[in-house]
$ cat final_14.tsv   # TSV, C-alpha atoms
chain	number	residue	atom	x	y	z
L	1	MET	CA	-18.42	-48.40	9.67
L	2	GLY	CA	-20.96	-45.79	8.77
L	3	ASN	CA	-20.13	-43.72	11.83
L	4	SER	CA	-16.40	-43.85	11.20
L	5	GLY	CA	-16.95	-42.80	7.58
L	6	MET	CA	-19.09	-39.87	8.68
L	7	THR	CA	-16.45	-38.87	11.22
L	8	ALA	CA	-13.77	-38.85	8.54
L	9	LEU	CA	-15.90	-36.68	6.28
L	10	GLN	CA	-16.84	-34.19	8.96
L	11	PRO	CA	-14.73	-30.98	8.81
L	12	GLN	CA	-12.46	-30.36	11.75
L	13	PRO	CA	-13.96	-27.38	13.63
L	14	PHE	CA	-10.65	-25.72	14.43
L	15	SER	CA	-8.63	-26.72	11.36
L	16	ARG	CA	-9.11	-23.40	9.58
L	17	LEU	CA	-8.39	-21.47	12.75
L	18	ALA	CA	-5.20	-23.48	13.29
L	19	LEU	CA	-4.04	-22.77	9.74
L	20	LEU	CA	-4.85	-19.08	10.20
L	21	VAL	CA	-2.88	-18.88	13.44
L	22	ARG	CA	0.11	-20.59	11.82
L	23	ASN	CA	0.12	-18.10	8.96
L	24	PRO	CA	3.13	-15.77	9.50
L	25	THR	CA	1.33	-12.85	7.85
L	26	THR	CA	-1.61	-13.26	10.22
L	27	ILE	CA	0.75	-13.29	13.20
L	28	GLN	CA	2.48	-10.13	11.97
L	29	ARG	CA	-0.80	-8.28	11.43
L	30	ALA	CA	-2.22	-9.44	14.77
L	31	GLY	CA	0.91	-8.12	16.47
L	32	LEU	CA	0.59	-4.82	14.62
L	33	LEU	CA	-3.05	-4.45	15.65
L	34	PHE	CA	-2.17	-5.29	19.26
L	35	MET	CA	0.60	-2.65	19.31
L	36	THR	CA	-1.76	-0.04	17.86
L	37	LEU	CA	-4.46	-0.78	20.44
L	38	PHE	CA	-1.84	-0.80	23.21
L	39	ILE	CA	-0.60	2.68	22.22
L	40	LEU	CA	-4.18	3.99	22.11
L	41	ALA	CA	-4.94	2.49	25.55
L	42	PHE	CA	-1.70	3.85	27.02
L	43	MET	CA	-2.31	7.35	25.63
L	44	GLN	CA	-5.90	7.29	26.88
L	45	ALA	CA	-4.65	6.43	30.37
L	46	ALA	CA	-1.98	9.13	30.26
L	47	TYR	CA	-4.15	11.78	28.58
L	48	PRO	CA	-7.85	11.28	29.40
L	49	GLY	CA	-10.02	12.08	26.40
L	50	TYR	CA	-7.29	11.06	23.96
L	51	VAL	CA	-9.52	8.48	22.30
L	52	SER	CA	-12.20	11.04	21.45
L	53	ALA	CA	-14.03	11.43	18.16
L	54	ALA	CA	-12.29	14.74	17.47
L	55	ASN	CA	-8.78	13.38	18.10
L	56	MET	CA	-9.47	10.18	16.12
L	57	GLU	CA	-10.53	12.38	13.19
L	58	VAL	CA	-7.27	14.30	13.46
L	59	LEU	CA	-5.37	11.01	13.66
L	60	ALA	CA	-7.06	9.71	10.50
L	61	MET	CA	-6.70	12.92	8.52
L	62	ASN	CA	-2.99	13.16	9.32
L	63	MET	CA	-2.31	10.10	7.17
L	64	VAL	CA	-5.28	9.79	4.81
L	65	PHE	CA	-3.43	11.12	1.76
L	66	GLU	CA	-0.41	8.88	2.39
L	67	ALA	CA	-2.90	6.01	2.83
L	68	ILE	CA	-4.38	6.59	-0.64
L	69	ILE	CA	-0.86	6.64	-2.07
L	70	ALA	CA	-0.10	3.43	-0.13
L	71	VAL	CA	-3.08	1.72	-1.79
L	72	GLY	CA	-1.38	2.13	-5.16
L	73	MET	CA	2.01	1.29	-3.67
L	74	THR	CA	0.59	-2.02	-2.43
L	75	PHE	CA	-0.08	-3.15	-6.00
L	76	VAL	CA	3.39	-2.04	-7.08
L	77	ILE	CA	5.16	-3.89	-4.26
L	78	ILE	CA	3.08	-7.06	-4.73
L	79	SER	CA	4.17	-7.04	-8.39
L	80	GLY	CA	7.80	-6.99	-7.28
L	81	GLY	CA	8.43	-3.31	-8.02
L	82	ILE	CA	8.77	0.02	-6.23
L	83	ASP	CA	7.55	3.52	-7.04
L	84	LEU	CA	9.52	6.44	-5.62
L	85	SER	CA	7.88	9.02	-7.90
L	86	VAL	CA	4.51	9.15	-6.11
L	87	ALA	CA	5.42	12.07	-3.82
L	88	ALA	CA	6.34	14.26	-6.79
L	89	VAL	CA	3.22	13.13	-8.68
L	90	PHE	CA	1.17	14.04	-5.58
L	91	ALA	CA	2.52	17.62	-5.63
L	92	PHE	CA	2.20	17.79	-9.43
L	93	ALA	CA	-1.51	16.94	-9.16
L	94	GLU	CA	-2.01	19.73	-6.63
L	95	ILE	CA	-0.29	22.29	-8.83
L	96	LEU	CA	-1.94	21.17	-12.07
L	97	VAL	CA	-5.49	21.13	-10.69
L	98	ALA	CA	-4.84	24.57	-9.15
L	99	LYS	CA	-3.58	26.00	-12.43
L	100	LEU	CA	-6.48	24.53	-14.39
L	101	MET	CA	-9.14	25.80	-11.96
L	102	VAL	CA	-7.69	29.02	-10.55
L	103	GLN	CA	-5.69	30.31	-13.50
L	104	ALA	CA	-7.35	28.70	-16.53
L	105	GLY	CA	-10.87	28.87	-15.10
L	106	LEU	CA	-11.84	25.27	-15.90
L	107	PRO	CA	-14.73	23.72	-13.91
L	108	ILE	CA	-14.23	20.84	-11.47
L	109	GLY	CA	-15.69	18.32	-13.91
L	110	ALA	CA	-12.92	19.05	-16.41
L	111	ALA	CA	-9.96	19.98	-14.20
L	112	ILE	CA	-9.95	16.84	-12.05
L	113	PRO	CA	-10.17	14.28	-14.91
L	114	ILE	CA	-7.45	16.11	-16.86
L	115	THR	CA	-5.23	16.08	-13.77
L	116	LEU	CA	-5.77	12.36	-13.13
L	117	VAL	CA	-5.09	11.49	-16.78
L	118	ALA	CA	-1.89	13.56	-16.72
L	119	CYS	CA	-0.75	11.72	-13.57
L	120	GLY	CA	-1.66	8.40	-15.16
L	121	MET	CA	0.54	9.26	-18.14
L	122	ILE	CA	3.49	9.72	-15.78
L	123	GLY	CA	2.87	6.26	-14.33
L	124	LEU	CA	2.48	4.83	-17.82
L	125	ALA	CA	5.85	6.33	-18.76
L	126	ASN	CA	7.38	4.66	-15.69
L	127	GLY	CA	5.96	1.30	-16.76
L	128	LEU	CA	7.11	1.71	-20.36
L	129	LEU	CA	10.66	2.61	-19.32
L	130	ILE	CA	10.82	-0.33	-16.90
L	131	ASN	CA	9.64	-2.71	-19.63
L	132	LEU	CA	11.81	-1.32	-22.40
L	133	LEU	CA	15.04	-0.67	-20.52
L	134	ARG	CA	14.80	-3.78	-18.31
L	135	VAL	CA	16.24	-1.86	-15.36
L	136	HIS	CA	15.15	-1.95	-11.75
L	137	PRO	CA	12.04	0.17	-11.02
L	138	LEU	CA	13.99	1.93	-8.27
L	139	ILE	CA	16.20	3.62	-10.87
L	140	VAL	CA	13.38	4.61	-13.22
L	141	THR	CA	11.04	5.97	-10.55
L	142	LEU	CA	13.89	7.79	-8.79
L	143	ALA	CA	14.66	9.55	-12.06
L	144	THR	CA	10.96	10.42	-12.43
L	145	LEU	CA	10.88	11.72	-8.86
L	146	LEU	CA	13.79	14.10	-9.47
L	147	THR	CA	12.43	15.17	-12.85
L	148	MET	CA	8.94	15.89	-11.54
L	149	ARG	CA	10.30	17.87	-8.60
L	150	GLY	CA	12.02	20.13	-11.09
L	151	VAL	CA	8.83	20.38	-13.16
L	152	ASN	CA	6.79	21.24	-10.05
L	153	LEU	CA	9.18	23.99	-9.06
L	154	SER	CA	9.24	25.36	-12.60
L	155	ILE	CA	5.50	25.50	-13.25
L	156	SER	CA	4.70	26.89	-9.81
L	157	SER	CA	7.67	29.30	-9.67
L	158	GLY	CA	8.23	27.99	-6.16
L	159	LYS	CA	5.04	29.67	-4.89
L	160	SER	CA	1.72	28.47	-3.49
L	161	ILE	CA	-1.41	28.66	-5.64
L	162	ALA	CA	-4.69	29.41	-3.86
L	163	GLY	CA	-8.14	30.74	-4.70
L	164	PHE	CA	-10.24	27.58	-5.14
L	165	ASP	CA	-14.01	27.90	-5.15
L	166	ASP	CA	-16.16	26.50	-2.35
L	167	ALA	CA	-17.39	23.52	-4.39
L	168	PHE	CA	-13.85	22.23	-4.81
L	169	LEU	CA	-12.92	22.94	-1.19
L	170	PHE	CA	-15.87	20.83	-0.08
L	171	LEU	CA	-14.21	17.72	-1.51
L	172	GLY	CA	-11.42	17.92	1.04
L	173	GLN	CA	-13.12	19.78	3.88
L	174	GLY	CA	-16.70	18.55	3.73
L	175	LYS	CA	-18.20	15.70	5.75
L	176	LEU	CA	-20.74	12.95	5.14
L	177	VAL	CA	-22.48	11.54	8.24
L	178	GLY	CA	-19.85	13.33	10.33
L	179	VAL	CA	-16.93	11.68	8.54
L	180	PRO	CA	-14.57	13.74	6.31
L	181	LEU	CA	-14.96	12.98	2.61
L	182	PRO	CA	-11.27	12.02	2.10
L	183	ILE	CA	-11.73	9.21	4.63
L	184	TRP	CA	-14.82	8.02	2.75
L	185	ALA	CA	-12.77	8.06	-0.45
L	186	LEU	CA	-10.08	5.93	1.21
L	187	VAL	CA	-12.61	3.42	2.56
L	188	ILE	CA	-14.38	3.05	-0.80
L	189	LEU	CA	-11.10	2.70	-2.71
L	190	THR	CA	-9.72	0.14	-0.28
L	191	ALA	CA	-12.92	-1.92	-0.16
L	192	GLY	CA	-13.40	-1.95	-3.93
L	193	LEU	CA	-9.81	-2.60	-4.95
L	194	GLY	CA	-9.31	-5.04	-2.07
L	195	PHE	CA	-12.28	-7.11	-3.26
L	196	LEU	CA	-10.92	-7.16	-6.81
L	197	LEU	CA	-7.43	-8.07	-5.61
L	198	ARG	CA	-8.82	-11.07	-3.72
L	199	ASN	CA	-11.31	-12.30	-6.27
L	200	HIS	CA	-10.70	-11.03	-9.81
L	201	ARG	CA	-8.42	-13.10	-12.04
L	202	SER	CA	-6.76	-10.12	-13.71
L	203	PHE	CA	-5.89	-8.57	-10.35
L	204	ARG	CA	-4.61	-11.88	-9.00
L	205	GLN	CA	-2.02	-11.89	-11.79
L	206	VAL	CA	-0.18	-9.18	-9.87
L	207	TYR	CA	0.71	-11.79	-7.23
L	208	PHE	CA	1.87	-14.22	-9.90
L	209	VAL	CA	4.15	-11.63	-11.50
L	210	GLY	CA	5.61	-10.65	-8.13
L	211	SER	CA	6.21	-14.25	-7.05
L	212	ASP	CA	7.98	-15.43	-10.20
L	213	GLU	CA	8.02	-13.20	-13.25
L	214	ARG	CA	9.56	-15.85	-15.50
L	215	ALA	CA	6.99	-18.49	-14.49
L	216	ALA	CA	4.18	-15.98	-14.97
L	217	ARG	CA	5.39	-15.19	-18.49
L	218	LEU	CA	5.68	-18.90	-19.37
L	219	SER	CA	2.14	-19.41	-18.06
L	220	GLY	CA	0.78	-16.89	-20.54
L	221	VAL	CA	0.52	-13.85	-18.27
L	222	ASN	CA	1.24	-10.58	-20.07
L	223	VAL	CA	3.84	-9.37	-17.57
L	224	GLU	CA	4.52	-6.12	-19.41
L	225	ARG	CA	0.85	-5.19	-19.43
L	226	VAL	CA	0.50	-5.96	-15.71
L	227	LYS	CA	3.41	-3.61	-14.97
L	228	LEU	CA	1.95	-0.86	-17.14
L	229	VAL	CA	-1.40	-1.10	-15.34
L	230	VAL	CA	0.20	-1.24	-11.89
L	231	TYR	CA	2.41	1.84	-12.34
L	232	THR	CA	-0.36	3.79	-14.09
L	233	ALA	CA	-2.76	3.03	-11.24
L	234	SER	CA	-0.14	3.99	-8.64
L	235	ALA	CA	0.40	7.39	-10.27
L	236	MET	CA	-3.34	8.04	-10.68
L	237	LEU	CA	-3.98	7.24	-7.01
L	238	ALA	CA	-1.13	9.55	-6.01
L	239	GLY	CA	-2.70	12.21	-8.25
L	240	PHE	CA	-6.11	11.62	-6.67
L	241	ALA	CA	-4.56	12.07	-3.22
L	242	GLY	CA	-2.96	15.30	-4.44
L	243	VAL	CA	-6.29	16.65	-5.69
L	244	LEU	CA	-7.92	15.90	-2.33
L	245	ALA	CA	-4.97	17.46	-0.49
L	246	ALA	CA	-5.25	20.68	-2.52
L	247	SER	CA	-8.92	20.79	-1.61
L	248	ARG	CA	-8.19	20.08	2.05
L	249	TYR	CA	-5.42	22.67	2.42
L	250	GLY	CA	-7.04	25.23	0.14
L	251	ALA	CA	-3.74	25.71	-1.69
L	252	ALA	CA	-1.23	23.88	-3.85
L	253	HIS	CA	2.50	23.86	-3.15
L	254	TRP	CA	5.43	22.04	-4.71
L	255	GLY	CA	6.66	20.91	-1.27
L	256	HIS	CA	3.48	19.12	-0.23
L	257	GLY	CA	3.78	15.35	0.08
L	258	ASN	CA	7.48	15.41	0.93
L	259	MET	CA	8.62	11.89	1.98
L	260	ALA	CA	5.14	10.52	1.22
L	261	GLU	CA	6.69	7.74	-0.85
L	262	LEU	CA	8.70	6.45	2.11
L	263	LYS	CA	5.68	6.55	4.42
L	264	ALA	CA	3.65	4.61	1.85
L	265	ILE	CA	6.40	2.00	1.43
L	266	ALA	CA	6.74	1.72	5.21
L	267	ALA	CA	2.99	1.21	5.62
L	268	VAL	CA	2.91	-1.55	2.99
L	269	ALA	CA	5.94	-3.35	4.46
L	270	ILE	CA	4.78	-2.99	8.07
L	271	GLY	CA	1.37	-4.28	6.96
L	272	GLY	CA	2.89	-7.66	6.07
L	273	ALA	CA	3.74	-7.37	2.38
L	274	ASN	CA	6.91	-8.99	1.09
L	275	ILE	CA	9.11	-6.14	-0.11
L	276	ASN	CA	10.42	-8.47	-2.85
L	277	GLY	CA	6.92	-9.03	-4.21
L	278	GLY	CA	4.39	-11.84	-4.34
L	279	SER	CA	2.45	-11.10	-1.14
L	280	GLY	CA	0.53	-8.30	0.53
L	281	SER	CA	-2.98	-6.99	0.95
L	282	LEU	CA	-4.80	-3.68	1.23
L	283	GLY	CA	-6.10	-4.67	4.66
L	284	GLY	CA	-2.54	-5.09	5.89
L	285	THR	CA	-1.55	-1.76	4.34
L	286	LEU	CA	-4.38	0.00	6.19
L	287	LEU	CA	-3.17	-1.57	9.44
L	288	GLY	CA	0.31	-0.25	8.69
L	289	ILE	CA	-1.03	3.24	8.01
L	290	LEU	CA	-3.14	3.12	11.18
L	291	PHE	CA	-0.11	2.16	13.23
L	292	LEU	CA	2.06	4.93	11.77
L	293	ALA	CA	-0.73	7.49	12.25
L	294	THR	CA	-1.21	6.38	15.87
L	295	VAL	CA	2.51	6.67	16.63
L	296	HIS	CA	2.69	10.13	15.00
L	297	ASN	CA	-0.36	11.34	16.91
L	298	ALA	CA	1.09	10.01	20.18
L	299	PHE	CA	4.34	11.90	19.55
L	300	VAL	CA	2.46	15.15	18.89
L	301	THR	CA	0.13	14.78	21.88
L	302	SER	CA	2.90	13.92	24.33
L	303	ALA	CA	5.08	16.79	23.02
L	304	VAL	CA	7.95	14.42	22.25
L	305	ASN	CA	10.39	15.65	19.62
L	306	THR	CA	8.61	14.77	16.36
L	307	PHE	CA	11.96	14.26	14.63
L	308	LEU	CA	12.14	10.99	16.57
L	309	TYR	CA	9.04	9.88	14.67
L	310	ASP	CA	11.20	9.33	11.59
L	311	VAL	CA	13.53	7.19	13.71
L	312	VAL	CA	10.56	5.03	14.74
L	313	ASN	CA	9.37	4.82	11.12
L	314	GLY	CA	12.78	3.71	9.93
L	315	GLY	CA	13.13	1.20	12.75
L	316	MET	CA	9.71	-0.31	12.12
L	317	LEU	CA	10.41	-0.55	8.38
L	318	LEU	CA	13.65	-2.37	9.11
L	319	VAL	CA	11.90	-4.77	11.50
L	320	ALA	CA	9.15	-5.40	8.94
L	321	ILE	CA	11.69	-6.22	6.23
L	322	LEU	CA	13.61	-8.56	8.57
L	323	LEU	CA	10.39	-10.34	9.53
L	324	SER	CA	9.40	-10.60	5.88
L	325	ARG	CA	12.75	-12.20	5.03
L	326	TYR	CA	12.50	-14.55	8.01
L	327	PHE	CA	8.99	-15.73	7.11
L	328	GLU	CA	9.99	-16.06	3.45
L	329	ALA	CA	12.94	-18.27	4.42
L	330	ARG	CA	10.68	-20.43	6.61
L	331	SER	CA	8.17	-20.75	3.77
L	332	ASN	CA	10.90	-21.81	1.35
L	333	VAL	CA	12.11	-24.46	3.78
L	334	LYS	CA	8.57	-25.85	4.09
L	335	ILE	CA	8.12	-25.90	0.32
L	336	LEU	CA	11.41	-27.78	-0.14
L	337	SER	CA	10.40	-30.24	2.60
L	338	ILE	CA	7.04	-30.91	0.93
L	339	ARG	CA	8.71	-31.42	-2.45
L	340	GLN	CA	11.23	-33.81	-0.91
L	341	LYS	CA	8.43	-35.84	0.70
L	342	LYS	CA	6.60	-36.07	-2.62
L	343	ILE	CA	9.77	-37.24	-4.36
L	344	SER	CA	10.36	-39.83	-1.62
L	345	ASN	CA	6.78	-41.09	-1.88
L	346	ARG	CA	7.05	-41.45	-5.65
L	347	LYS	CA	10.30	-43.37	-5.31
L	348	ALA	CA	8.69	-45.64	-2.74
L	349	ILE	CA	5.71	-46.29	-5.02
L	350	LEU	CA	7.94	-46.99	-8.03
L	351	THR	CA	10.13	-49.32	-5.93
L	352	GLY	CA	7.04	-51.20	-4.74
L	353	VAL	CA	5.71	-51.56	-8.31
L	354	ARG	CA	9.05	-52.97	-9.53
L	355	THR	CA	9.32	-55.49	-6.74
$ encode --input "final_14.tsv" --output "structure tokens"
Amino acid sequence: MGNSGMTALQPQPFSRLALLVRNPTTIQRAGLLFMTLFILAFMQAAYPGYVSAANMEVLAMNMVFEAIIAVGMTFVIISGGIDLSVAAVFAFAEILVAKLMVQAGLPIGAAIPITLVACGMIGLANGLLINLLRVHPLIVTLATLLTMRGVNLSISSGKSIAGFDDAFLFLGQGKLVGVPLPIWALVILTAGLGFLLRNHRSFRQVYFVGSDERAARLSGVNVERVKLVVYTASAMLAGFAGVLAASRYGAAHWGHGNMAELKAIAAVAIGGANINGGSGSLGGTLLGILFLATVHNAFVTSAVNTFLYDVVNGGMLLVAILLSRYFEARSNVKILSIRQKKISNRKAILTGVRT
């Protein structure tokens, strides 16, 4: 009796592993990691020395700015929204920080915070318009994208702005322990915000809003505030990426960051997030960025027409969305089945009590 009781109480050693393996998101991310490693192994076999420290640094730096933008995009997509304005905000941050430092003569300690606040105000405006007008975020952020492109062209006169001092250039070109500072910035941002997204109650509300906005509002969640914070954070992260890019390139240009919004969305979707909201993680987004960066680097190294890279991006985004819809449909079927079983059990209990 005692032994059987102890056996029942003992945790099953592989129960958690079994649940993890059955998780569709885990399967998708495992497949993505396998494909990335396969491409790296294939390229190493075809081009000896491909997986070298120097080439891996190039691979990482090719997508680090889009990765920072994708961090903010992850929060937006989890909340059930979309932000198409980030590419224009990225270029705006480059131009503004250049004008403040090169033309106005402001120091780094003043120019960067002013730039980030200005970018945050753009995101705040997106959130306010979405809340007030009750229209889809796609429409609002598309309008902001087009508006900011015009602003960028106007304030820069269509020309590059250069002449940064060495202290600012170090932010994008310097290294710490042999690793470029922008990569350190990405790692710290992802680790910190990822921890908060998993564990902090206020950050977890983003999932609730994305899963069922009406239920979240009825449960006491301030949906409007969550949206304001999410879109403000997305714009500030895009602005931060723009500041680092200006430092890295040594110049600001209105055309920098072109199509960055689509790469960020693709990375989030490929990383396992539901494009309709309610699911996603920064770890998955990083896997998506790593995959896209690996594919791009393979195209460049093998001298394949890089225009085909966009075809691959589009195809992978489509596959990710189809998988997301498939897994969502399976999840809904399971939920309905569980609910039906509970209803059947209650009916059985009530029938037994009556008899």
$ closest_residue --input "final_14.tsv" --among "L:Leu262, L:Ala125, L:Leu308, L:Ile161" --to "Ala67 (chain L)" --atoms "all atoms listed in the file"
L:Leu262
$ residues_near_point --input "final_14.tsv" --point "(-6.9, 14.1, -4.8)" --cutoff "10 Å" --atoms "only C-alpha atoms" --output "list in words"
Phe65, Ile68, Ile69, Phe90, Ala93, Glu94, Val97, Ile112, Thr115, Leu116, Leu171, Gly172, Pro182, Ala185, Met236, Leu237, Ala238, Gly239, Phe240, Ala241, Gly242, Val243, Leu244, Ala245, Ala246, Ser247 and Arg248 of chain L
$ closest_residue --input "final_14.tsv" --among "L:Ser211, L:Val226, L:Thr232, L:Leu132" --to "Cys119 (chain L)" --atoms "only C-alpha atoms"
L:Thr232
$ residues_around --input "final_14.tsv" --residues "Gln103 (chain L)" --least-positions-apart "4" --cutoff "12 Å" --atoms "all atoms listed in the file" --output "list in words"
Ile95, Leu96, Val97, Ala98, Lys99, Pro107, Ala111, Ser156, Ile161, Ala162, Gly163 and Phe164 of chain L
$ atom_distance --input "final_14.tsv" --atom1 "CA of Ala264 (chain L)" --atom2 "CA of Val319 (chain L)"
15.8 Å
$ atom_distance --input "final_14.tsv" --atom1 "CA of Met316 (chain L)" --atom2 "CA of Phe195 (chain L)"
27.7 Å
$ closest_residue --input "final_14.tsv" --among "L:Leu286, L:Leu317, L:Ile122, L:Ala215" --to "Ala266 (chain L)" --atoms "only C-alpha atoms"
L:Leu317
$ residues_around --input "final_14.tsv" --residues "Leu138 (chain L)" --least-positions-apart "3" --cutoff "6 Å" --atoms "all atoms listed in the file" --output "PyMOL selection string"
chain L and resi 82+141-142
$ write_last_selection --input "final_14.tsv" --atoms "C-alpha atoms" --output "PDB file, in the coordinates of the input"
ATOM      1  CA  ILE L  82       8.770   0.020  -6.230  1.00  0.00           C
ATOM      2  CA  THR L 141      11.040   5.970 -10.550  1.00  0.00           C
ATOM      3  CA  LEU L 142      13.890   7.790  -8.790  1.00  0.00           C
TER       4      LEU L 142
END
